[in-house]
Amino acid sequence: MLPEISKIKGVFPVAVLSREPVEQKKQELLGNQAKPNVAIFPKAVFWDTSIDMIDWHKQKRAVIRRIFERGAETEIKEIISFYGEETVAETLFTVPKYLPSLAENAKQYLGIDLKRKILGFDKGGF
């Protein structure tokens, strides 16, 4: 049997920190944040996280990439509507590696050719 911490000479009780207040505060802050219509996103698209815990502004690059790689037309249009065409296009150009579906969706929904841009075709190269 272990002695109580407070009875051991020279040891002072330490408050045990809980993640609950931190998670609760984060949830409150995110709840007030503007966000897309998340009701249309299938849970499978964000399988690795709680959709309620996404910071839609800090994590926009990851969100845009995920939706353009794995989303359907409805989700892609919602993300374009939420962030705006210019922001989505600029963000897609910063993604170094991606699934082919991302480039296909960028061309279909935004009219941009990521492969041509990355290879320098739009800058007079090749």
# chains A, B, ... in the order shown; residues from 1 in each chain; ligands from 1

$ residues_around --residues "Val38 (chain A)" --least-positions-apart "3" --cutoff "12 Å" --atoms "only C-alpha atoms" --output "compact mmCIF listing (two decimals) with N, CA and C atoms, in the first residue's frame"
# COMPACT_ATOMS: atom_id res chain seq x y z
N ALA A 34 -17.07 31.29 -37.67
CA ALA A 34 -17.76 31.04 -38.93
C ALA A 34 -17.25 29.73 -39.51
N LYS A 35 -18.16 28.95 -40.06
CA LYS A 35 -17.77 27.67 -40.65
C LYS A 35 -18.71 27.32 -41.78
N PHE A 41 -21.21 17.49 -45.00
CA PHE A 41 -19.99 16.70 -45.09
C PHE A 41 -20.20 15.32 -44.48
N PRO A 42 -19.96 14.26 -45.26
CA PRO A 42 -20.05 12.92 -44.67
C PRO A 42 -18.93 12.73 -43.64
N LYS A 43 -19.22 11.99 -42.60
CA LYS A 43 -18.22 11.75 -41.56
C LYS A 43 -16.97 11.07 -42.12
N VAL A 45 -15.31 11.77 -44.72
CA VAL A 45 -14.33 12.72 -45.26
C VAL A 45 -13.35 13.16 -44.17
N PHE A 46 -13.86 13.36 -42.97
CA PHE A 46 -13.02 13.75 -41.84
C PHE A 46 -13.00 12.60 -40.82
N SER A 50 -12.74 15.01 -35.12
CA SER A 50 -14.11 15.44 -34.86
C SER A 50 -14.34 16.71 -35.66
N ILE A 51 -15.34 16.71 -36.49
CA ILE A 51 -15.60 17.87 -37.35
C ILE A 51 -15.88 19.13 -36.52
N ASP A 52 -16.37 18.94 -35.29
CA ASP A 52 -16.65 20.08 -34.41
C ASP A 52 -15.37 20.71 -33.85
N MET A 53 -14.26 20.01 -33.95
CA MET A 53 -12.99 20.51 -33.39
C MET A 53 -12.08 21.12 -34.46
N ILE A 54 -12.56 21.21 -35.68
CA ILE A 54 -11.74 21.79 -36.75
C ILE A 54 -11.77 23.31 -36.64
N TRP A 56 -11.55 26.13 -38.78
CA TRP A 56 -11.73 26.29 -40.22
C TRP A 56 -10.82 27.34 -40.83
N VAL A 63 -8.11 21.41 -44.82
CA VAL A 63 -9.53 21.23 -45.14
C VAL A 63 -9.73 21.27 -46.65
N ILE A 67 -11.00 18.07 -48.91
CA ILE A 67 -12.24 18.11 -49.67
C ILE A 67 -11.98 17.95 -51.17
N THR A 74 -20.95 18.42 -53.94
CA THR A 74 -21.61 19.25 -52.94
C THR A 74 -20.61 19.84 -51.95
N GLU A 75 -19.71 19.00 -51.45
CA GLU A 75 -18.72 19.47 -50.47
C GLU A 75 -17.73 20.44 -51.11
N ILE A 76 -17.31 20.15 -52.32
CA ILE A 76 -16.36 21.02 -53.01
C ILE A 76 -16.97 22.40 -53.24
N GLU A 78 -19.32 23.77 -51.52
CA GLU A 78 -19.47 24.41 -50.22
C GLU A 78 -18.16 25.05 -49.76
N ILE A 79 -17.05 24.35 -49.97
CA ILE A 79 -15.74 24.88 -49.58
C ILE A 79 -15.38 26.10 -50.43
N PHE A 82 -17.46 28.93 -49.13
CA PHE A 82 -17.03 29.39 -47.80
C PHE A 82 -15.73 30.20 -47.87

$ residues_around --residues "Lys107 (chain A)" --least-positions-apart "4" --cutoff "12 Å" --atoms "only C-alpha atoms" --output "VMD selection string"
chain A and resid 68 89 92 100 to 103 111 to 117

$ write_last_selection --atoms "N, CA and C atoms" --output "mmCIF file, in the first residue's frame"
data_model
loop_
_atom_site.group_PDB
_atom_site.id
_atom_site.type_symbol
_atom_site.label_atom_id
_atom_site.label_comp_id
_atom_site.auth_asym_id
_atom_site.auth_seq_id
_atom_site.Cartn_x
_atom_site.Cartn_y
_atom_site.Cartn_z
ATOM 1 N N PHE A 68 -10.929 18.570 -51.688
ATOM 2 C CA PHE A 68 -10.645 18.450 -53.117
ATOM 3 C C PHE A 68 -10.111 17.068 -53.485
ATOM 4 N N ALA A 89 -8.033 28.558 -54.751
ATOM 5 C CA ALA A 89 -7.039 28.375 -55.819
ATOM 6 C C ALA A 89 -5.624 28.613 -55.295
ATOM 7 N N LEU A 92 -4.587 25.693 -53.132
ATOM 8 C CA LEU A 92 -4.291 24.475 -53.900
ATOM 9 C C LEU A 92 -2.909 24.538 -54.545
ATOM 10 N N PRO A 100 -4.407 12.415 -57.479
ATOM 11 C CA PRO A 100 -4.840 12.917 -58.794
ATOM 12 C C PRO A 100 -6.222 13.575 -58.758
ATOM 13 N N SER A 101 -7.085 13.115 -57.874
ATOM 14 C CA SER A 101 -8.433 13.689 -57.798
ATOM 15 C C SER A 101 -8.403 15.174 -57.438
ATOM 16 N N LEU A 102 -7.411 15.627 -56.682
ATOM 17 C CA LEU A 102 -7.309 17.038 -56.325
ATOM 18 C C LEU A 102 -7.110 17.881 -57.583
ATOM 19 N N ALA A 103 -6.194 17.494 -58.440
ATOM 20 C CA ALA A 103 -5.942 18.241 -59.674
ATOM 21 C C ALA A 103 -7.157 18.179 -60.602
ATOM 22 N N GLY A 111 -11.362 25.645 -62.908
ATOM 23 C CA GLY A 111 -10.786 25.916 -64.218
ATOM 24 C C GLY A 111 -9.288 26.141 -64.201
ATOM 25 N N ILE A 112 -8.604 25.615 -63.166
ATOM 26 C CA ILE A 112 -7.147 25.777 -63.097
ATOM 27 C C ILE A 112 -6.458 24.436 -63.327
ATOM 28 N N ASP A 113 -5.337 24.487 -63.995
ATOM 29 C CA ASP A 113 -4.572 23.282 -64.284
ATOM 30 C C ASP A 113 -3.340 23.271 -63.380
ATOM 31 N N LEU A 114 -3.431 22.558 -62.283
ATOM 32 C CA LEU A 114 -2.325 22.528 -61.322
ATOM 33 C C LEU A 114 -1.054 21.936 -61.927
ATOM 34 N N LYS A 115 -1.206 20.939 -62.769
ATOM 35 C CA LYS A 115 -0.026 20.315 -63.364
ATOM 36 C C LYS A 115 0.711 21.307 -64.251
ATOM 37 N N ARG A 116 -0.015 22.059 -65.057
ATOM 38 C CA ARG A 116 0.615 23.057 -65.931
ATOM 39 C C ARG A 116 1.283 24.148 -65.100
ATOM 40 N N LYS A 117 0.638 24.586 -64.053
ATOM 41 C CA LYS A 117 1.184 25.655 -63.208
ATOM 42 C C LYS A 117 2.459 25.179 -62.512
#

$ residues_around --residues "Tyr83 (chain A)" --least-positions-apart "3" --cutoff "9 Å" --atoms "only C-alpha atoms" --output "number ranges by chain"
A: 36, 60, 64, 78-80, 86-88

$ write_last_selection --atoms "C-alpha atoms" --output "PDB file, in the first residue's frame"
ATOM      1  CA  PRO A  36     -19.131  26.013 -43.747  1.00  0.00           C
ATOM      2  CA  LYS A  60      -7.936  25.783 -44.134  1.00  0.00           C
ATOM      3  CA  ILE A  64      -9.336  22.416 -48.747  1.00  0.00           C
ATOM      4  CA  GLU A  78     -19.474  24.414 -50.216  1.00  0.00           C
ATOM      5  CA  ILE A  79     -15.744  24.882 -49.580  1.00  0.00           C
ATOM      6  CA  ILE A  80     -15.432  27.207 -52.586  1.00  0.00           C
ATOM      7  CA  GLU A  86      -9.311  32.977 -55.045  1.00  0.00           C
ATOM      8  CA  THR A  87      -8.373  31.643 -51.598  1.00  0.00           C
ATOM      9  CA  VAL A  88      -9.079  28.046 -52.616  1.00  0.00           C
TER      10      VAL A  88
END

$ closest_residue --among "A:Ile40, A:Ala72, A:Gly84, A:Thr91" --to "Gln108 (chain A)" --atoms "only C-alpha atoms"
A:Ala72
